[in-house]
Amino acid sequence: MPYLVTTAADDVSVPYQPSALSGLNSRLITTSGTTVTLNDYEYAALSETAFSGGTLLDGGSTGAIGNVGTIVTNDEYTPTAATVSIFTVAGLVRINEIFGVVTTVMDATVTTIKLVFDATVTAAVTDLSAAVTITSDPVGSLYSIVGVAATAATESAGVYILPAAKLPSNGIILPAGVIQVTGSAVNAGIIKWYVGYTPLETAGVITAA
């Protein structure tokens, strides 16, 4: 079961288990306020001897939200006829879940959106989904993807129900770059985006753009 732990000081050592075979090592978190994900073994090993220059603040277990890892949100995406960045990826991460929830009703303008990824190293933009029509969708509509570029996001018309489409068990592996939404027209609605991820290296982190 993953746990979210946030550093309360600079230069904090936390347990790190890269694999079941290598045992517990340590990793140095240099910046105060950095959130990391620990597994059961790493979390159980937290003690005063694991700290250097400070303590850790426990953000709680993520198990209650489906073991999707660290959750990051972007609250204010308004569809437009452009590409808008919603999340910034640093390092290497695995996306376990990504979906959007309508928080302000979509108007009657014919509008489509799709998720794309702009990789930093190659500057190449890759589709994460095909376009889905969101015209007049009510508050609570939810858009989720399956991780296939040619497949549109699946729309769930209920109010805050579980995603109708899910990523495969191995998720989507992303390097540094930006997760974006490409729209076809201006729409007065607002979508709140959620991403759940697991860092695959110490530098792996996602933040709202």
# chains A, B, ... in the order shown; residues from 1 in each chain; ligands from 1
>>> residues_around(residues="region 80-89 of chain A", least_positions_apart="3", cutoff="6 Å", atoms="only C-alpha atoms", output="number ranges by chain")
A: 176-186, 206-209
>>> write_last_selection(atoms="N, CA and C atoms", output="PDB file, in the first residue's frame")
ATOM      1  N   ALA A 176      10.417  13.192 -18.913  1.00  0.00           N
ATOM      2  CA  ALA A 176      10.148  14.611 -18.667  1.00  0.00           C
ATOM      3  C   ALA A 176       9.397  15.222 -19.842  1.00  0.00           C
ATOM      4  N   GLY A 177       8.444  16.082 -19.531  1.00  0.00           N
ATOM      5  CA  GLY A 177       7.660  16.732 -20.569  1.00  0.00           C
ATOM      6  C   GLY A 177       6.405  17.347 -19.988  1.00  0.00           C
ATOM      7  N   VAL A 178       5.407  17.553 -20.840  1.00  0.00           N
ATOM      8  CA  VAL A 178       4.179  18.217 -20.427  1.00  0.00           C
ATOM      9  C   VAL A 178       2.974  17.445 -20.948  1.00  0.00           C
ATOM     10  N   ILE A 179       2.024  17.151 -20.050  1.00  0.00           N
ATOM     11  CA  ILE A 179       0.736  16.582 -20.454  1.00  0.00           C
ATOM     12  C   ILE A 179      -0.185  17.738 -20.806  1.00  0.00           C
ATOM     13  N   GLN A 180      -0.808  17.667 -21.971  1.00  0.00           N
ATOM     14  CA  GLN A 180      -1.589  18.786 -22.487  1.00  0.00           C
ATOM     15  C   GLN A 180      -2.963  18.324 -22.960  1.00  0.00           C
ATOM     16  N   VAL A 181      -3.858  19.299 -23.118  1.00  0.00           N
ATOM     17  CA  VAL A 181      -5.170  19.049 -23.710  1.00  0.00           C
ATOM     18  C   VAL A 181      -5.279  19.907 -24.970  1.00  0.00           C
ATOM     19  N   THR A 182      -5.621  19.271 -26.087  1.00  0.00           N
ATOM     20  CA  THR A 182      -5.842  19.992 -27.339  1.00  0.00           C
ATOM     21  C   THR A 182      -7.343  20.091 -27.582  1.00  0.00           C
ATOM     22  N   GLY A 183      -7.846  21.312 -27.691  1.00  0.00           N
ATOM     23  CA  GLY A 183      -9.268  21.537 -27.915  1.00  0.00           C
ATOM     24  C   GLY A 183      -9.549  22.037 -29.311  1.00  0.00           C
ATOM     25  N   SER A 184     -10.828  21.990 -29.690  1.00  0.00           N
ATOM     26  CA  SER A 184     -11.203  22.418 -31.038  1.00  0.00           C
ATOM     27  C   SER A 184     -11.923  23.760 -31.055  1.00  0.00           C
ATOM     28  N   ALA A 185     -12.413  24.206 -29.886  1.00  0.00           N
ATOM     29  CA  ALA A 185     -13.179  25.455 -29.840  1.00  0.00           C
ATOM     30  C   ALA A 185     -13.227  25.966 -28.402  1.00  0.00           C
ATOM     31  N   VAL A 186     -13.530  27.249 -28.262  1.00  0.00           N
ATOM     32  CA  VAL A 186     -13.712  27.841 -26.941  1.00  0.00           C
ATOM     33  C   VAL A 186     -15.039  27.374 -26.357  1.00  0.00           C
ATOM     34  N   ILE A 206       5.261  14.777 -10.795  1.00  0.00           N
ATOM     35  CA  ILE A 206       4.322  15.496 -11.654  1.00  0.00           C
ATOM     36  C   ILE A 206       3.732  16.645 -10.852  1.00  0.00           C
ATOM     37  N   THR A 207       3.642  17.807 -11.473  1.00  0.00           N
ATOM     38  CA  THR A 207       3.044  18.985 -10.845  1.00  0.00           C
ATOM     39  C   THR A 207       2.012  19.585 -11.797  1.00  0.00           C
ATOM     40  N   ALA A 208       1.057  20.348 -11.240  1.00  0.00           N
ATOM     41  CA  ALA A 208       0.104  21.056 -12.089  1.00  0.00           C
ATOM     42  C   ALA A 208       0.818  22.134 -12.879  1.00  0.00           C
ATOM     43  N   ALA A 209       0.514  22.236 -14.155  1.00  0.00           N
ATOM     44  CA  ALA A 209       1.180  23.228 -15.021  1.00  0.00           C
ATOM     45  C   ALA A 209       0.578  24.597 -14.807  1.00  0.00           C
TER      46      ALA A 209
END
>>> residues_around(residues="Gly33 (chain A)", least_positions_apart="4", cutoff="8 Å", atoms="only C-alpha atoms", output="PDB file with C-alpha atoms, in the first residue's frame")
ATOM      1  CA  THR A   6       6.156  15.138   2.486  1.00  0.00           C
ATOM      2  CA  THR A   7       9.522  16.456   3.631  1.00  0.00           C
ATOM      3  CA  ALA A   8       9.444  19.167   6.270  1.00  0.00           C
ATOM      4  CA  ALA A   9      13.074  20.216   5.807  1.00  0.00           C
TER       5      ALA A   9
END
>>> closest_residue(among="A:Ala150, A:Val12, A:Ile98, A:Val105", to="Thr73 (chain A)", atoms="only C-alpha atoms")
A:Ile98
>>> closest_residue(among="A:Phe99, A:Tyr43, A:Tyr77, A:Trp193", to="Ala153 (chain A)", atoms="only C-alpha atoms")
A:Phe99
>>> closest_residue(among="A:Asp137, A:Asp127, A:Asp118, A:Asp10", to="Val101 (chain A)", atoms="only C-alpha atoms")
A:Asp137
>>> residues_around(residues="Leu200 (chain A)", least_positions_apart="5", cutoff="10 Å", atoms="only C-alpha atoms", output="list in words")
Pro18, Gly91, Leu92, Val93, Arg94, Ile173, Leu174, Pro175 and Val205 of chain A
>>> closest_residue(among="A:Thr151, A:Asn187, A:Thr133, A:Thr202", to="Thr104 (chain A)", atoms="only C-alpha atoms")
A:Asn187
>>> atom_distance(atom1="CA of Thr78 (chain A)", atom2="CA of Ala123 (chain A)")
24.3 Å
>>> closest_residue(among="A:Val116, A:Val68, A:Ala130, A:Ile191", to="Gly100 (chain A)", atoms="only C-alpha atoms")
A:Ile191
>>> atom_distance(atom1="CA of Ala131 (chain A)", atom2="CA of Gly171 (chain A)")
20.0 Å
>>> select_by_dssp(residues="region 123-206 of chain A", states="strand (DSSP E)", output="ChimeraX atom specification")
/A:125-127,132-133,142-144,154-156,172-174,177-183,190-199,205-206
>>> write_last_selection(atoms="N, CA and C atoms", output="CSV table (one decimal), in the first residue's frame")
chain,number,residue,atom,x,y,z
A,125,VAL,N,5.3,15.8,-30.0
A,125,VAL,CA,4.0,15.7,-29.3
A,125,VAL,C,3.3,14.4,-29.8
A,126,THR,N,2.9,13.6,-28.8
A,126,THR,CA,2.3,12.3,-29.0
A,126,THR,C,0.9,12.3,-28.4
A,127,ASP,N,0.0,11.8,-29.2
A,127,ASP,CA,-1.4,11.7,-28.7
A,127,ASP,C,-1.5,10.6,-27.6
A,132,VAL,N,-12.6,13.5,-28.0
A,132,VAL,CA,-14.0,13.1,-27.6
A,132,VAL,C,-14.8,14.4,-27.6
A,133,THR,N,-16.1,14.3,-28.0
A,133,THR,CA,-16.9,15.5,-28.0
A,133,THR,C,-17.5,15.8,-26.6
A,142,LEU,N,-17.4,12.7,-16.7
A,142,LEU,CA,-16.0,12.3,-16.4
A,142,LEU,C,-15.4,11.7,-17.7
A,143,TYR,N,-14.2,12.1,-18.0
A,143,TYR,CA,-13.5,11.6,-19.2
A,143,TYR,C,-12.3,10.8,-18.8
A,144,SER,N,-12.2,9.6,-19.3
A,144,SER,CA,-11.0,8.7,-18.9
A,144,SER,C,-10.5,8.1,-20.2
A,154,THR,N,-13.3,8.0,-22.9
A,154,THR,CA,-14.6,7.5,-22.6
A,154,THR,C,-15.3,8.4,-21.7
A,155,GLU,N,-16.6,8.8,-22.1
A,155,GLU,CA,-17.3,9.7,-21.2
A,155,GLU,C,-18.3,9.0,-20.3
A,156,SER,N,-18.2,9.3,-19.0
A,156,SER,CA,-19.2,8.7,-18.1
A,156,SER,C,-20.1,9.9,-17.7
A,172,ILE,N,1.1,4.1,-18.2
A,172,ILE,CA,1.8,4.7,-19.3
A,172,ILE,C,3.1,5.3,-18.7
A,173,ILE,N,4.2,4.9,-19.3
A,173,ILE,CA,5.6,5.4,-18.8
A,173,ILE,C,5.9,6.7,-19.6
A,174,LEU,N,6.2,7.8,-18.8
A,174,LEU,CA,6.5,9.1,-19.4
A,174,LEU,C,7.8,9.6,-18.9
A,177,GLY,N,8.4,16.1,-19.5
A,177,GLY,CA,7.7,16.7,-20.6
A,177,GLY,C,6.4,17.3,-20.0
A,178,VAL,N,5.4,17.6,-20.8
A,178,VAL,CA,4.2,18.2,-20.4
A,178,VAL,C,3.0,17.4,-20.9
A,179,ILE,N,2.0,17.2,-20.0
A,179,ILE,CA,0.7,16.6,-20.5
A,179,ILE,C,-0.2,17.7,-20.8
A,180,GLN,N,-0.8,17.7,-22.0
A,180,GLN,CA,-1.6,18.8,-22.5
A,180,GLN,C,-3.0,18.3,-23.0
A,181,VAL,N,-3.9,19.3,-23.1
A,181,VAL,CA,-5.2,19.0,-23.7
A,181,VAL,C,-5.3,19.9,-25.0
A,182,THR,N,-5.6,19.3,-26.1
A,182,THR,CA,-5.8,20.0,-27.3
A,182,THR,C,-7.3,20.1,-27.6
A,183,GLY,N,-7.8,21.3,-27.7
A,183,GLY,CA,-9.3,21.5,-27.9
A,183,GLY,C,-9.5,22.0,-29.3
A,190,ILE,N,-15.7,24.1,-17.5
A,190,ILE,CA,-14.4,23.9,-16.8
A,190,ILE,C,-14.3,22.4,-16.5
A,191,ILE,N,-13.1,21.9,-16.7
A,191,ILE,CA,-12.8,20.5,-16.4
A,191,ILE,C,-11.6,20.5,-15.3
A,192,LYS,N,-11.8,19.7,-14.3
A,192,LYS,CA,-10.8,19.5,-13.3
A,192,LYS,C,-10.1,18.2,-13.7
A,193,TRP,N,-8.8,18.2,-13.9
A,193,TRP,CA,-8.0,17.0,-14.3
A,193,TRP,C,-7.3,16.4,-13.1
A,194,TYR,N,-7.3,15.1,-13.0
A,194,TYR,CA,-6.6,14.3,-12.0
A,194,TYR,C,-5.6,13.4,-12.7
A,195,VAL,N,-4.5,13.3,-12.1
A,195,VAL,CA,-3.5,12.3,-12.5
A,195,VAL,C,-2.9,11.6,-11.3
A,196,GLY,N,-2.9,10.2,-11.3
A,196,GLY,CA,-2.3,9.4,-10.3
A,196,GLY,C,-1.0,8.8,-10.9
A,197,TYR,N,0.1,8.9,-10.2
A,197,TYR,CA,1.3,8.4,-10.8
A,197,TYR,C,2.2,7.8,-9.7
A,198,THR,N,3.2,7.1,-10.2
A,198,THR,CA,4.3,6.5,-9.4
A,198,THR,C,5.6,6.9,-9.9
A,199,PRO,N,6.5,7.5,-9.1
A,199,PRO,CA,7.8,7.9,-9.6
A,199,PRO,C,8.6,6.6,-9.9
A,205,VAL,N,8.5,13.2,-10.7
A,205,VAL,CA,7.4,14.0,-10.1
A,205,VAL,C,6.6,14.6,-11.1
A,206,ILE,N,5.3,14.8,-10.8
A,206,ILE,CA,4.3,15.5,-11.7
A,206,ILE,C,3.7,16.6,-10.9
>>> atom_distance(atom1="CA of Asn74 (chain A)", atom2="CA of Lys114 (chain A)")
15.7 Å
